[in-house]
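Asker: Hey, dropping model28.txt in here, compact mmCIF, C-alpha atoms:
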```txt
# COMPACT_ATOMS: atom_id res chain seq x y z
CA MET J 1 12.97 21.62 -10.48
CA ILE J 2 9.57 19.95 -10.27
CA VAL J 3 6.54 22.03 -9.26
CA VAL J 4 3.48 20.41 -7.72
CA THR J 5 0.48 22.73 -7.78
CA GLY J 6 -2.31 22.36 -5.24
CA ALA J 7 0.36 20.83 -3.02
CA SER J 8 -1.50 21.50 0.21
CA GLY J 9 -4.32 19.20 -0.92
CA GLN J 10 -4.46 15.49 -0.15
CA LEU J 11 -3.24 14.32 -3.55
CA GLY J 12 -0.51 16.96 -3.74
CA HIS J 13 0.82 16.05 -0.30
CA GLN J 14 1.08 12.40 -1.25
CA VAL J 15 2.73 13.15 -4.60
CA ILE J 16 5.42 15.16 -2.83
CA LYS J 17 6.10 12.34 -0.37
CA HIS J 18 6.64 9.98 -3.30
CA LEU J 19 8.84 12.53 -5.09
CA ILE J 20 11.06 12.88 -2.03
CA GLY J 21 11.89 9.21 -2.35
CA LYS J 22 13.12 9.79 -5.90
CA ILE J 23 14.80 13.23 -6.00
CA ASP J 24 16.30 15.63 -3.50
CA SER J 25 13.60 17.57 -1.67
CA SER J 26 15.30 20.87 -2.51
CA GLN J 27 14.40 20.22 -6.15
CA ILE J 28 10.67 20.16 -5.37
CA ILE J 29 8.47 23.24 -5.31
CA ALA J 30 5.19 22.96 -3.43
CA ALA J 31 2.90 25.56 -4.98
CA VAL J 32 0.16 26.37 -2.47
CA ARG J 33 -2.46 29.04 -1.97
CA THR J 34 -1.51 29.64 1.67
CA PRO J 35 2.18 28.90 2.41
CA GLU J 36 1.60 29.35 6.15
CA LYS J 37 -0.51 26.20 6.10
CA ALA J 38 2.21 24.11 4.46
CA SER J 39 4.82 24.18 7.22
CA ASP J 40 4.92 20.37 7.20
CA LEU J 41 6.18 20.48 3.62
CA SER J 42 8.79 23.09 4.47
CA ALA J 43 9.97 20.79 7.24
CA LEU J 44 10.66 18.14 4.61
CA GLY J 45 13.04 20.49 2.81
CA VAL J 46 10.63 21.30 0.02
CA GLN J 47 10.45 24.84 -1.35
CA VAL J 48 7.01 26.24 -0.53
CA ARG J 49 5.79 29.08 -2.74
CA GLU J 50 2.50 30.93 -2.96
CA ALA J 51 0.48 30.02 -6.03
CA ASP J 52 -3.18 30.91 -6.46
CA TYR J 53 -4.73 29.63 -9.67
CA SER J 54 -6.81 32.81 -9.88
CA LYS J 55 -3.82 35.17 -9.36
CA PRO J 56 -1.43 34.95 -12.34
CA ASP J 57 1.23 37.07 -10.63
CA THR J 58 1.67 34.43 -7.92
CA LEU J 59 2.02 31.73 -10.55
CA LYS J 60 4.77 33.62 -12.33
CA THR J 61 6.79 33.79 -9.12
CA ALA J 62 6.01 30.23 -8.08
CA PHE J 63 7.20 28.76 -11.38
CA GLU J 64 10.58 30.53 -11.52
CA GLY J 65 13.27 27.98 -12.29
CA ALA J 66 10.74 25.22 -12.97
CA ASP J 67 11.51 22.45 -15.44
CA LYS J 68 8.37 20.33 -15.00
CA ILE J 69 4.96 21.15 -13.54
CA LEU J 70 2.33 18.79 -12.19
CA LEU J 71 -0.96 20.62 -12.62
CA ILE J 72 -3.37 19.11 -10.13
CA SER J 73 -6.84 20.10 -11.23
CA SER J 74 -8.58 22.80 -9.23
CA SER J 75 -11.46 21.89 -6.94
CA GLU J 76 -13.42 25.03 -7.78
CA LEU J 77 -16.11 23.83 -10.16
CA GLY J 78 -17.06 26.30 -12.85
CA GLN J 79 -13.79 28.20 -12.50
CA ARG J 80 -11.37 25.49 -13.41
CA VAL J 81 -10.84 26.18 -17.11
CA GLU J 82 -9.84 29.79 -16.49
CA GLN J 83 -7.70 28.81 -13.51
CA HIS J 84 -5.95 26.06 -15.44
CA ARG J 85 -5.42 28.44 -18.36
CA ASN J 86 -3.61 30.79 -15.97
CA VAL J 87 -1.31 27.97 -14.89
CA ILE J 88 -0.62 26.90 -18.48
CA GLU J 89 0.15 30.46 -19.55
CA ALA J 90 2.55 30.97 -16.64
CA ALA J 91 4.24 27.65 -17.42
CA LYS J 92 4.60 28.65 -21.06
CA ASN J 93 6.19 31.95 -20.11
CA GLU J 94 8.66 30.12 -17.89
CA GLY J 95 9.57 27.75 -20.72
CA VAL J 96 8.93 24.51 -18.83
CA SER J 97 9.77 21.26 -20.58
CA LEU J 98 6.67 19.32 -19.46
CA ILE J 99 3.25 19.74 -17.84
CA ALA J 100 1.46 16.73 -16.40
CA TYR J 101 -2.26 17.30 -15.86
CA THR J 102 -4.58 15.27 -13.62
CA SER J 103 -7.56 14.84 -15.90
CA LEU J 104 -10.49 12.41 -15.70
CA LEU J 105 -10.63 8.76 -16.77
CA HIS J 106 -11.60 8.59 -20.46
CA ALA J 107 -12.42 12.30 -20.33
CA ASP J 108 -13.02 12.52 -24.08
CA THR J 109 -15.82 9.92 -23.96
CA SER J 110 -16.96 10.16 -20.34
CA PRO J 111 -20.69 10.54 -19.56
CA LEU J 112 -19.84 12.41 -16.34
CA GLY J 113 -20.66 16.11 -16.31
CA LEU J 114 -17.36 16.51 -14.51
CA ALA J 115 -15.56 15.75 -17.77
CA GLY J 116 -16.39 19.07 -19.44
CA GLU J 117 -13.81 21.23 -17.72
CA HIS J 118 -11.18 18.52 -18.07
CA ILE J 119 -11.76 18.30 -21.82
CA GLU J 120 -11.45 22.08 -22.11
CA THR J 121 -8.21 22.03 -20.13
CA GLU J 122 -6.81 19.30 -22.37
CA LYS J 123 -7.62 21.55 -25.35
CA GLU J 124 -5.84 24.46 -23.65
CA LEU J 125 -2.76 22.29 -23.23
CA THR J 126 -2.85 21.23 -26.89
CA GLN J 127 -3.13 24.83 -28.05
CA SER J 128 -0.34 26.03 -25.73
CA GLY J 129 2.40 24.19 -27.57
CA ILE J 130 3.92 23.03 -24.28
CA PRO J 131 4.88 19.34 -24.13
CA PHE J 132 2.33 17.65 -21.88
CA VAL J 133 1.22 14.30 -20.51
CA LEU J 134 -2.29 13.46 -19.34
CA LEU J 135 -2.88 11.54 -16.13
CA ARG J 136 -6.53 10.66 -16.57
CA ASN J 137 -7.35 9.57 -13.06
CA GLY J 138 -10.32 7.38 -12.25
CA TRP J 139 -12.35 7.69 -9.07
CA TYR J 140 -10.65 7.76 -5.69
CA THR J 141 -11.83 4.86 -3.55
CA GLU J 142 -11.84 7.31 -0.64
CA ASN J 143 -14.76 9.13 -2.30
CA TYR J 144 -16.98 6.18 -1.46
CA LEU J 145 -15.35 5.17 1.80
CA ALA J 146 -16.36 8.52 3.29
CA SER J 147 -19.91 7.13 3.28
CA VAL J 148 -19.12 3.87 5.07
CA MET J 149 -19.85 4.97 8.64
CA PRO J 150 -22.94 7.01 7.64
CA SER J 151 -24.26 3.92 5.84
CA ILE J 152 -24.01 1.94 9.06
CA GLU J 153 -25.68 4.73 11.01
CA HIS J 154 -28.60 4.88 8.57
CA GLY J 155 -28.76 1.17 7.74
CA ALA J 156 -28.13 1.49 4.01
CA PHE J 157 -25.53 2.60 1.48
CA ILE J 158 -27.22 4.94 -0.98
CA GLY J 159 -26.24 6.08 -4.46
CA SER J 160 -27.30 6.36 -8.08
CA ALA J 161 -24.72 4.09 -9.73
CA GLY J 162 -27.07 1.14 -10.26
CA ALA J 163 -25.07 -1.92 -11.29
CA GLY J 164 -22.31 0.16 -12.85
CA GLN J 165 -18.80 -1.22 -12.47
CA ILE J 166 -16.44 1.18 -10.69
CA SER J 167 -12.67 0.83 -11.19
CA SER J 168 -11.53 3.10 -8.40
CA ALA J 169 -8.09 3.17 -6.78
CA ALA J 170 -6.59 4.63 -3.63
CA ARG J 171 -5.48 8.24 -3.78
CA ASP J 172 -1.97 7.13 -2.95
CA ASP J 173 -1.91 4.86 -6.00
CA TYR J 174 -2.55 7.87 -8.23
CA ALA J 175 0.00 9.95 -6.29
CA GLU J 176 2.69 7.33 -6.80
CA ALA J 177 1.90 7.20 -10.51
CA ALA J 178 2.21 10.99 -10.82
CA ALA J 179 5.57 10.99 -9.05
CA LEU J 180 6.85 8.24 -11.34
CA VAL J 181 5.79 10.12 -14.46
CA MET J 182 7.36 13.36 -13.22
CA THR J 183 10.71 11.67 -12.56
CA SER J 184 10.78 9.19 -15.43
CA GLU J 185 13.84 9.17 -17.66
CA GLU J 186 11.65 8.08 -20.55
CA PRO J 187 10.02 10.84 -22.65
CA GLN J 188 6.49 11.50 -21.36
CA ALA J 189 5.27 14.23 -23.70
CA GLY J 190 2.26 13.13 -25.72
CA LYS J 191 1.35 10.20 -23.48
CA VAL J 192 -2.18 9.68 -22.19
CA TYR J 193 -2.50 7.43 -19.16
CA GLU J 194 -5.96 6.03 -18.40
CA LEU J 195 -5.50 5.28 -14.71
CA ALA J 196 -7.88 3.10 -12.72
CA GLY J 197 -8.01 0.31 -10.16
CA ASP J 198 -7.46 -3.35 -11.00
CA GLU J 199 -10.67 -4.78 -9.49
CA PRO J 200 -13.97 -3.21 -10.61
CA TYR J 201 -16.90 -3.41 -8.18
CA THR J 202 -20.49 -2.26 -7.89
CA LEU J 203 -21.89 -0.32 -4.98
CA SER J 204 -23.79 -3.48 -4.06
CA ASP J 205 -20.38 -5.18 -3.77
CA LEU J 206 -19.18 -2.36 -1.54
CA ALA J 207 -22.28 -2.63 0.63
CA ALA J 208 -21.63 -6.36 1.01
CA LEU J 209 -18.08 -5.66 2.20
CA ILE J 210 -19.37 -3.11 4.70
CA SER J 211 -21.92 -5.65 5.95
CA GLN J 212 -19.19 -8.26 6.36
CA GLU J 213 -16.76 -6.02 8.23
CA SER J 214 -19.35 -4.29 10.43
CA ASN J 215 -21.47 -7.36 11.21
CA ASN J 216 -24.51 -5.39 10.10
CA GLU J 217 -26.81 -5.97 7.16
CA ILE J 218 -26.16 -2.92 4.97
CA PRO J 219 -28.02 -3.08 1.65
CA TYR J 220 -27.28 -0.87 -1.32
CA VAL J 221 -30.25 1.35 -2.14
CA ASN J 222 -30.26 2.89 -5.61
CA LEU J 223 -31.92 6.29 -5.86
CA PRO J 224 -32.87 8.58 -8.74
CA GLU J 225 -30.24 11.28 -9.25
CA ASN J 226 -32.34 14.10 -7.77
CA GLU J 227 -33.21 12.09 -4.65
CA PHE J 228 -29.57 11.15 -4.08
CA LYS J 229 -28.55 14.78 -4.46
CA GLU J 230 -31.19 15.87 -1.95
CA ALA J 231 -29.97 13.24 0.50
CA LEU J 232 -26.41 14.51 0.17
CA VAL J 233 -27.50 18.10 0.72
CA GLY J 234 -29.48 16.92 3.75
CA ALA J 235 -26.28 15.35 5.07
CA GLY J 236 -24.59 18.73 4.93
CA LEU J 237 -22.82 18.74 1.56
CA PRO J 238 -22.80 21.99 -0.45
CA ASP J 239 -25.25 21.93 -3.33
CA PRO J 240 -22.59 22.01 -6.11
CA LEU J 241 -20.69 19.10 -4.56
CA ALA J 242 -23.89 17.12 -4.02
CA ALA J 243 -24.81 17.71 -7.67
CA LEU J 244 -21.37 16.60 -8.81
CA LEU J 245 -21.44 13.39 -6.78
CA SER J 246 -24.97 12.43 -7.78
CA ASN J 247 -24.24 13.13 -11.45
CA SER J 248 -21.02 11.13 -11.23
CA ASP J 249 -22.90 8.17 -9.78
CA VAL J 250 -25.30 8.28 -12.72
CA GLY J 251 -22.25 8.44 -14.98
CA ALA J 252 -20.91 5.35 -13.23
CA SER J 253 -24.15 3.55 -14.04
CA LYS J 254 -23.33 4.20 -17.71
CA GLY J 255 -19.79 2.84 -17.44
CA GLY J 256 -18.09 6.16 -16.86
CA LEU J 257 -15.92 4.94 -13.98
CA PHE J 258 -15.01 1.56 -15.47
CA ASP J 259 -11.70 0.55 -16.99
CA ASP J 260 -10.03 -2.85 -17.23
CA GLN J 261 -6.75 -2.06 -19.00
CA GLY J 262 -4.53 -2.07 -15.89
CA GLU J 263 -2.46 0.96 -16.85
CA LEU J 264 -2.20 2.22 -13.27
CA SER J 265 -0.84 -1.01 -11.83
CA ALA J 266 1.52 -1.36 -14.80
CA LEU J 267 2.84 2.15 -14.19
CA ILE J 268 3.41 1.77 -10.45
CA GLY J 269 4.71 -1.77 -10.78
CA ARG J 270 2.32 -3.36 -8.30
CA PRO J 271 -1.39 -4.16 -7.96
CA THR J 272 -3.58 -1.24 -6.99
CA THR J 273 -4.82 -1.16 -3.40
CA LYS J 274 -7.72 -3.55 -2.87
CA LEU J 275 -11.14 -2.18 -1.93
CA SER J 276 -11.54 -4.95 0.64
CA GLU J 277 -8.32 -3.91 2.39
CA MET J 278 -9.39 -0.28 2.53
CA VAL J 279 -12.80 -1.16 3.95
CA LYS J 280 -11.23 -3.46 6.52
CA THR J 281 -8.88 -0.69 7.65
CA ILE J 282 -11.85 1.46 8.63
CA PHE J 283 -12.91 -1.08 11.24
CA GLU J 284 -9.48 -1.86 12.69
```
Take the structure in this file and express it as structure tokens.

Answerer:
Amino acid sequence: MIVVTGASGQLGHQVIKHLIGKIDSSQIIAAVRTPEKASDLSALGVQVREADYSKPDTLKTAFEGADKILLISSSELGQRVEQHRNVIEAAKNEGVSLIAYTSLLHADTSPLGLAGEHIETEKELTQSGIPFVLLRNGWYTENYLASVMPSIEHGAFIGSAGAGQISSAARDDYAEAAALVMTSEEPQAGKVYELAGDEPYTLSDLAALISQESNNEIPYVNLPENEFKEALVGAGLPDPLAALLSNSDVGASKGGLFDDQGELSALIGRPTTKLSEMVKTIFE
């Protein structure tokens, strides 16, 4: 039995769809906070169980019979280490053979503030004694594509990444990789995958693609971190998320989102989804 935590989220949903193509759906457990909202997964024949990272009792029940667990990192900043510790402890008590954790690209050397909780979780896994594999995911291309239409509306694509190279990939690329690792016949314990897109780009490159596809002149405007954060808050983002995104952009300017090793495409057996194709899709 393979458990996917956070299965009602976008990444979790896509992982499960890839798993269904590899194993019988009855052997998949979708661990979600609110089972009533995961009826689409139930319809696929997947077992849906309640699992709240902050409620250890639900984790104990959710993990019954589990062999492997994909721990998709929590989205609750500042609470993630404790929440992940709860998952790890429940997995240990169940005697699972493997945990795969969605960490951050080059977490141990990353300049992104986001890396801190990932590093702590990796330490928790090491100390647990459970066999584990790290899926150190780079940036989702979708994180930037969410700003495409607003950039056209306001006449500029803004950020704080400077000329930093960004090796992002589509969320589905990472989901496919996770499903492959969870179902691989090769031993995965102890492996660390640094997963990123094949074709690095700058935000100026992205702005040029937006200009081309929209027939508008959309420049990239680089802002100081605090100004970018204020702009994001002004656009309606919660302060913690705005702080995370602005800090991550600054991290990108320092190389924190760059990787050129091609581990993701090697794992999934195909090139990662092109940025140009994803931008073009928005305007179709």

Asker: Quick one: residues within 6 Å of range 129-144 of chain J, all atoms listed in the file, excluding same-chain residues fewer than 4 positions away - as a list in words?

Answerer: Leu98, Ile99, Ala100, Tyr101, Thr102, Ser103, Leu104, Leu105, Ser168, Ala169, Ala170, Arg171, Ala189, Gly190, Lys191, Val192, Tyr193, Glu194, Leu195 and Ala196 of chain J

Asker: Can you work out the spacing between CA of Glu263 in chain J and CA of Asp173 in chain J in Å, to one decimal?

Answerer: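 Those two atoms sit 11.5 Å apart.
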
Asker: Can you work out which one of J:Ile16, J:Leu59, J:Met149, J:Ala235 has the shortest atom-to-atom distance to Gln47 in chain J, counting all atoms listed in the file?

Answerer: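 Of all the options, J:Ile16 lies closest to Gln47 in chain J.
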
Asker: Tell me which protein, DNA and RNA residues are within 12 Å of His13 in chain J, counting all atoms listed in the file, leaving out same-chain ones fewer than 5 positions away, and put them as a PyMOL selection string.

Answerer: chain J and resi 4-8+18-20+28-32+38-42+44+46+48+72+171-172+174-176+178-179

Asker: Can you tell me which residues surround Leu77 in chain J at a distance of at most 10 Å, considering only C-alpha atoms, apart from same-chain residues fewer than 2 positions away, and format the answer as a PDB file with C-alpha atoms, keeping the file's coordinate frame?

Answerer:
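Result saved to result10.pdb:
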```
ATOM      1  CA  SER J  74      -8.580  22.800  -9.230  1.00  0.00           C
ATOM      2  CA  SER J  75     -11.460  21.890  -6.940  1.00  0.00           C
ATOM      3  CA  GLN J  79     -13.790  28.200 -12.500  1.00  0.00           C
ATOM      4  CA  ARG J  80     -11.370  25.490 -13.410  1.00  0.00           C
ATOM      5  CA  VAL J  81     -10.840  26.180 -17.110  1.00  0.00           C
ATOM      6  CA  LEU J 114     -17.360  16.510 -14.510  1.00  0.00           C
ATOM      7  CA  GLU J 117     -13.810  21.230 -17.720  1.00  0.00           C
ATOM      8  CA  PRO J 240     -22.590  22.010  -6.110  1.00  0.00           C
ATOM      9  CA  LEU J 241     -20.690  19.100  -4.560  1.00  0.00           C
ATOM     10  CA  LEU J 244     -21.370  16.600  -8.810  1.00  0.00           C
TER      11      LEU J 244
END
```

Asker: Can you work out which one of J:Glu185, J:Asp239, J:Asp205, J:Asp24 has the shortest atom-to-atom distance to Phe157 in chain J, counting all atoms listed in the file?

Answerer: J:Asp205

Asker: So the first atom is CA of Gly155 in chain J and the second is CA of Ile218 in chain J; what is the distance between them in Å, to one decimal place?

Answerer: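 These two atoms are separated by 5.6 Å.
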
Asker: Excluding Ser246 in chain J and its own-chain neighbours fewer than 6 positions away, which residues fall within 8 Å of it when counting only C-alpha atoms? Please give them as an mmCIF file with C-alpha atoms, in the coordinates of the input.

Answerer:
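Okay, around.cif is ready:
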```
data_model
loop_
_atom_site.group_PDB
_atom_site.id
_atom_site.type_symbol
_atom_site.label_atom_id
_atom_site.label_comp_id
_atom_site.auth_asym_id
_atom_site.auth_seq_id
_atom_site.Cartn_x
_atom_site.Cartn_y
_atom_site.Cartn_z
ATOM 1 C CA GLY J 159 -26.240 6.080 -4.460
ATOM 2 C CA SER J 160 -27.300 6.360 -8.080
ATOM 3 C CA GLU J 225 -30.240 11.280 -9.250
ATOM 4 C CA ASN J 226 -32.340 14.100 -7.770
ATOM 5 C CA PHE J 228 -29.570 11.150 -4.080
ATOM 6 C CA LYS J 229 -28.550 14.780 -4.460
#
```

Asker: Quote the spacing between CA of Thr126 in chain J and CA of Gln83 in chain J in Å to one decimal place.

Answerer: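 Atom-to-atom, CA of Thr126 in chain J and CA of Gln83 in chain J are spaced 16.1 Å apart.
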
Asker: Which residue gives the smallest distance to Asn247 in chain J among J:Ala161, J:Ala91, J:Val279, J:Ala107, with all atoms listed in the file counted?

Answerer: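 That would be J:Ala161, the residue with the smallest distance to Asn247 in chain J.
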
Asker: Excluding range 253-257 of chain J and its own-chain neighbours fewer than 3 positions away, which residues fall within 6 Å of it when counting only C-alpha atoms? Please give them as a PyMOL selection string.

Answerer: chain J and resi 110-111+161-162+164+166-167+250

Asker: For range 105-120 of chain J, what centre and edge lengths in Å (one decimal) does the axis-aligned box get once 3 Å is added on each side of all its listed atoms, as AutoDock Vina command-line options?

Answerer:
```
--center_x -15.7 --center_y 15.3 --center_z -19.3 --size_x 16.1 --size_y 19.5 --size_z 15.6
```

Asker: Have a look at J:Asn93, J:Ile158, J:Asp198, J:Ile69 and name the one nearest to Leu275 in chain J; count only C-alpha atoms.

Answerer: J:Asp198

Asker: Return the single residue from J:Asn86, J:Gln10, J:Ser97, J:Ser151 that is closest to Met182 in chain J, with distances computed using all atoms listed in the file.

Answerer: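 Once distances to Met182 in chain J are computed over all atoms listed in the file, the minimum belongs to J:Ser97.
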
Asker: Could you tell me which of J:Leu245, J:Val233, J:Ala62, J:Val148 comes closest to Tyr220 in chain J if we count only C-alpha atoms?

Answerer: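 Smallest distance to Tyr220 in chain J is found for J:Val148.
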